[in-house]
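What follows is input05.tsv (TSV, C-alpha atoms).
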chain	number	residue	atom	x	y	z
V	1	MET	CA	-13.24	-0.64	7.23
V	2	PRO	CA	-11.95	2.82	6.18
V	3	ALA	CA	-14.46	5.57	5.48
V	4	LEU	CA	-15.41	5.88	1.82
V	5	ASP	CA	-15.03	9.07	-0.22
V	6	SER	CA	-18.52	10.55	-0.49
V	7	GLY	CA	-17.61	12.27	-3.76
V	8	ARG	CA	-16.62	9.01	-5.46
V	9	THR	CA	-19.03	6.48	-3.96
V	10	ALA	CA	-22.60	5.49	-4.88
V	11	LEU	CA	-25.07	3.16	-3.18
V	12	VAL	CA	-26.77	0.69	-5.53
V	13	LEU	CA	-29.89	-1.06	-4.19
V	14	VAL	CA	-31.09	-3.96	-6.32
V	15	ASP	CA	-34.67	-5.22	-6.73
V	16	LEU	CA	-36.17	-4.04	-3.45
V	17	MET	CA	-39.62	-4.52	-4.93
V	18	GLU	CA	-42.80	-5.41	-3.08
V	19	ARG	CA	-43.17	-8.92	-4.51
V	20	ILE	CA	-39.48	-9.74	-4.07
V	21	VAL	CA	-39.20	-8.42	-0.53
V	22	ALA	CA	-42.26	-10.54	0.35
V	23	LEU	CA	-40.62	-13.82	-0.74
V	24	PRO	CA	-39.53	-16.36	1.89
V	25	LEU	CA	-35.88	-15.34	2.17
V	26	ALA	CA	-32.83	-16.41	4.17
V	27	PRO	CA	-30.80	-15.82	6.24
V	28	ARG	CA	-33.05	-12.82	6.96
V	29	PRO	CA	-36.52	-11.71	5.88
V	30	GLY	CA	-37.04	-8.95	3.37
V	31	THR	CA	-38.22	-6.57	6.07
V	32	ASP	CA	-34.80	-6.80	7.75
V	33	VAL	CA	-33.08	-6.18	4.44
V	34	LEU	CA	-35.23	-3.10	3.91
V	35	SER	CA	-34.44	-1.75	7.36
V	36	ALA	CA	-30.69	-2.15	6.84
V	37	ALA	CA	-30.87	-0.70	3.32
V	38	ALA	CA	-32.82	2.31	4.58
V	39	ARG	CA	-30.19	3.02	7.25
V	40	LEU	CA	-27.45	2.79	4.67
V	41	ALA	CA	-29.32	5.02	2.23
V	42	ASP	CA	-29.75	7.64	4.97
V	43	THR	CA	-25.98	7.53	5.58
V	44	PHE	CA	-25.38	8.24	1.90
V	45	ARG	CA	-27.98	10.99	1.74
V	46	ALA	CA	-26.53	12.71	4.78
V	47	ALA	CA	-23.10	12.69	3.11
V	48	GLY	CA	-24.48	13.97	-0.19
V	49	ALA	CA	-23.59	10.72	-1.97
V	50	PRO	CA	-25.90	9.26	-4.64
V	51	VAL	CA	-28.40	6.48	-4.01
V	52	VAL	CA	-29.40	4.52	-7.12
V	53	HIS	CA	-32.31	2.06	-7.22
V	54	ILE	CA	-32.68	-0.82	-9.66
V	55	ARG	CA	-35.86	-2.76	-10.37
V	56	VAL	CA	-36.58	-5.54	-12.82
V	57	GLU	CA	-39.31	-5.83	-15.43
V	58	ARG	CA	-40.16	-9.04	-17.22
V	59	PRO	CA	-39.56	-8.64	-20.95
V	60	ASN	CA	-42.16	-9.25	-23.65
V	61	VAL	CA	-45.21	-9.02	-21.40
V	62	ASP	CA	-47.96	-6.40	-21.49
V	63	VAL	CA	-48.45	-6.22	-17.73
V	64	GLN	CA	-45.93	-6.74	-14.94
V	65	PRO	CA	-46.89	-8.99	-12.00
V	66	PRO	CA	-48.54	-7.36	-8.98
V	67	GLY	CA	-45.99	-5.92	-6.58
V	68	SER	CA	-43.46	-5.03	-9.27
V	69	GLY	CA	-42.95	-1.52	-7.96
V	70	LEU	CA	-40.26	-0.59	-5.48
V	71	VAL	CA	-41.30	-0.69	-1.84
V	72	ALA	CA	-43.13	2.44	-0.74
V	73	ASP	CA	-40.99	5.24	0.73
V	74	LEU	CA	-37.76	3.62	-0.46
V	75	VAL	CA	-36.98	6.21	-3.14
V	76	ARG	CA	-36.52	9.87	-2.24
V	77	ASP	CA	-37.20	12.74	-4.63
V	78	GLY	CA	-34.52	13.01	-7.29
V	79	GLU	CA	-33.05	9.54	-6.78
V	80	PRO	CA	-32.79	7.64	-10.06
V	81	VAL	CA	-34.53	4.35	-10.69
V	82	VAL	CA	-32.96	2.14	-13.34
V	83	VAL	CA	-35.15	-0.52	-14.97
V	84	LYS	CA	-33.47	-3.76	-16.04
V	85	ARG	CA	-34.83	-6.68	-17.99
V	86	THR	CA	-32.04	-9.15	-17.23
V	87	ILE	CA	-30.63	-10.48	-13.95
V	88	GLY	CA	-27.85	-7.90	-13.85
V	89	GLY	CA	-28.36	-4.16	-13.77
V	90	PHE	CA	-25.92	-2.97	-16.45
V	91	GLN	CA	-27.16	-4.66	-19.63
V	92	ASP	CA	-28.92	-2.09	-21.87
V	93	THR	CA	-29.88	0.18	-18.95
V	94	GLY	CA	-27.58	3.21	-18.98
V	95	LEU	CA	-26.49	2.42	-15.40
V	96	HIS	CA	-22.79	2.77	-16.19
V	97	ALA	CA	-23.31	6.20	-17.78
V	98	LEU	CA	-25.41	7.28	-14.81
V	99	LEU	CA	-22.74	6.26	-12.29
V	100	THR	CA	-19.98	7.81	-14.38
V	101	GLY	CA	-21.96	11.04	-14.41
V	102	PHE	CA	-22.01	10.98	-10.62
V	103	GLY	CA	-18.23	10.52	-10.61
V	104	ALA	CA	-18.56	7.20	-8.79
V	105	THR	CA	-15.59	4.86	-8.73
V	106	THR	CA	-16.74	2.82	-5.72
V	107	LEU	CA	-20.12	1.10	-5.49
V	108	VAL	CA	-21.78	-0.18	-2.32
V	109	PHE	CA	-24.35	-2.91	-2.94
V	110	GLY	CA	-27.46	-4.12	-1.17
V	111	GLY	CA	-30.61	-5.86	-2.36
V	112	ILE	CA	-32.32	-9.13	-3.20
V	113	ALA	CA	-31.34	-11.70	-4.16
V	114	THR	CA	-27.74	-11.80	-2.99
V	115	ASN	CA	-26.60	-14.43	-5.49
V	116	LEU	CA	-28.75	-13.26	-8.40
V	117	GLY	CA	-29.48	-9.58	-9.01
V	118	VAL	CA	-26.85	-8.29	-6.60
V	119	GLU	CA	-24.03	-10.61	-7.63
V	120	SER	CA	-24.74	-10.37	-11.37
V	121	THR	CA	-24.73	-6.56	-11.22
V	122	ALA	CA	-21.60	-6.54	-9.06
V	123	ARG	CA	-19.68	-8.84	-11.39
V	124	ALA	CA	-20.40	-6.50	-14.31
V	125	ALA	CA	-19.37	-3.53	-12.17
V	126	GLY	CA	-16.08	-5.23	-11.37
V	127	ASP	CA	-15.46	-5.84	-15.06
V	128	LEU	CA	-16.02	-2.11	-15.63
V	129	GLY	CA	-13.37	-1.23	-13.06
V	130	TYR	CA	-15.43	-0.14	-10.06
V	131	ASP	CA	-14.25	-0.85	-6.52
V	132	LEU	CA	-16.94	-2.85	-4.74
V	133	VAL	CA	-18.31	-2.99	-1.20
V	134	PHE	CA	-21.05	-5.42	-0.15
V	135	ALA	CA	-23.38	-4.56	2.74
V	136	GLU	CA	-23.93	-8.10	3.98
V	137	ASP	CA	-26.91	-7.39	6.22
V	138	ALA	CA	-28.65	-5.33	3.51
V	139	MET	CA	-29.17	-8.38	1.31
V	140	SER	CA	-30.70	-11.84	1.43
V	141	ALA	CA	-31.45	-14.80	-0.87
V	142	LEU	CA	-33.93	-17.60	-1.40
V	143	THR	CA	-31.82	-19.86	0.82
V	144	ALA	CA	-29.15	-19.22	3.43
V	145	ASP	CA	-26.71	-21.43	1.52
V	146	GLU	CA	-27.05	-19.30	-1.61
V	147	HIS	CA	-26.50	-16.11	0.39
V	148	ARG	CA	-23.46	-17.54	2.18
V	149	ALA	CA	-21.90	-18.81	-1.04
V	150	SER	CA	-21.92	-15.25	-2.34
V	151	VAL	CA	-20.81	-13.39	0.79
V	152	ASP	CA	-18.29	-15.99	1.99
V	153	LEU	CA	-16.81	-17.23	-1.28
V	154	ASP	CA	-17.53	-14.88	-4.19
V	155	PHE	CA	-17.79	-11.35	-2.83
V	156	PRO	CA	-14.44	-11.36	-0.98
V	157	ARG	CA	-12.79	-12.04	-4.34
V	158	LEU	CA	-14.60	-9.08	-5.90
V	159	GLY	CA	-14.38	-6.48	-3.13
V	160	THR	CA	-15.01	-5.87	0.56
V	161	VAL	CA	-17.82	-7.42	2.61
V	162	ALA	CA	-18.98	-5.44	5.66
V	163	PRO	CA	-22.07	-4.88	7.80
V	164	VAL	CA	-24.03	-1.67	7.33
V	165	ALA	CA	-22.80	-0.34	10.69
V	166	GLU	CA	-19.20	-0.35	9.43
V	167	ILE	CA	-19.86	1.46	6.15
V	168	THR	CA	-19.21	5.17	6.61
V	169	LEU	CA	-18.46	8.08	4.32
V	170	GLU	CA	-16.19	11.09	4.62
V	171	ALA	CA	-16.33	14.36	2.77
V	172	SER	CA	-14.48	14.43	-0.51
V	173	ALA	CA	-11.29	16.49	-0.41
V	174	PRO	CA	-11.57	19.59	-2.65
V	175	ALA	CA	-9.44	19.55	-5.77
V	176	THR	CA	-6.46	21.93	-5.69
V	177	THR	CA	-4.05	23.38	-8.20
V	178	PRO	CA	-0.28	22.77	-7.87
V	179	ASP	CA	0.07	25.98	-5.83
V	180	GLY	CA	-2.53	24.77	-3.31
V	181	ARG	CA	-5.48	26.85	-4.47
V	182	ALA	CA	-8.93	25.37	-4.91
V	183	ALA	CA	-9.39	24.21	-8.48
V	184	ALA	CA	-12.39	25.36	-10.45
V	185	THR	CA	-14.53	22.36	-11.29
V	186	THR	CA	-17.65	21.80	-13.31
V	187	PRO	CA	-19.76	18.95	-11.94
V	188	ASP	CA	-20.69	16.25	-14.39
V	189	SER	CA	-24.38	15.85	-15.09
V	190	PRO	CA	-25.69	12.33	-14.53
V	191	ALA	CA	-26.89	10.59	-17.63
V	192	PRO	CA	-30.70	10.70	-17.86
V	193	ALA	CA	-31.29	6.97	-17.47
V	194	THR	CA	-34.78	7.02	-16.01
V	195	THR	CA	-37.15	9.14	-13.97
V	196	PRO	CA	-37.79	8.36	-10.27
V	197	ASP	CA	-40.75	6.15	-11.25
V	198	GLY	CA	-38.50	4.08	-13.47
V	199	ARG	CA	-39.70	5.32	-16.84
V	200	ALA	CA	-37.34	6.34	-19.62

Is it possible to give me this structure as structure tokens?
Amino acid sequence: MPALDSGRTALVLVDLMERIVALPLAPRPGTDVLSAAARLADTFRAAGAPVVHIRVERPNVDVQPPGSGLVADLVRDGEPVVVKRTIGGFQDTGLHALLTGFGATTLVFGGIATNLGVESTARAAGDLGYDLVFAEDAMSALTADEHRASVDLDFPRLGTVAPVAEITLEASAPATTPDGRAAATTPDSPAPATTPDGRA
């Protein structure tokens, strides 16, 4: 697939939490998903493109289940963590404002589960007008059939499905004025959705 514009693309990793990664998953275990997601995140970091993490909290409970934090070493300093309380990542989270602040028009998705948190978040992103790319080997589900239904039937209708190895980024072309000079720009500040530990 063509290289993505690093200035207009964000990586969104959904629910890579200890207790979710440890579930019996298919067609690949959570450890394989993590490995692929980490490689993809490093590609984005090297290109200066944003990496956004999403984790879920159960509503109306005093204490979250053990293992509800993101997997250790997944989040780098300064990378936002968005906390959701529904299956999808956009409802009442500020995720759209955060991505708009980054200037993102294309989102690359990975995470668990393919047909739940990833697909629900991606469908909302499509409704909001984002272009979508799905890193097939950076996601998994509770069954192989559920994963395949998303990546073979649903995701191709929403965007592009590709393996991590084929997802690359290129430097964003600098903006120019009509006479060819570099245009003065003021970078947008991302909306303050949450801190790196997921707190408001």

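Using all atoms listed in the file, the shortest contact distance between Ala46 of chain V and any of V:Ser6, V:Ala122, V:Lys84, V:Thr100 is found at V:Ser6.
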
Near Met139 of chain V, within 7 Å and counting all atoms listed in the file, which residues show up once chain neighbours fewer than 2 positions away are dropped, as a count of residues only?
-> 8

Atomic separation - atom CA of Val12 of chain V relative to atom CA of Pro66 of chain V, Å = 23.5 Å

Kindly give the distance, in Å, that separates atom CA of Ser68 of chain V and atom CA of Ile87 of chain V, rounded to a single decimal.
-> 14.7 Å

Nearest to Arg39 of chain V: which of V:Ala135, V:Leu4, V:Ser140, V:Ile54 is it, counting all atoms listed in the file?
->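 Distance minimum relative to Arg39 of chain V lands on V:Ala135.
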
Interatomic distance, atom CA of Thr160 of chain V to atom CA of Val133 of chain V (Å, one decimal) |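 These atoms are spaced 4.7 Å apart.
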
Out of V:Ile167, V:Ala138, V:Arg123, V:Asp15, which residue has the shortest atom-to-atom distance to Phe155 of chain V when counting only C-alpha atoms?
->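 Counting only C-alpha atoms, the residue closest to Phe155 of chain V is V:Arg123.
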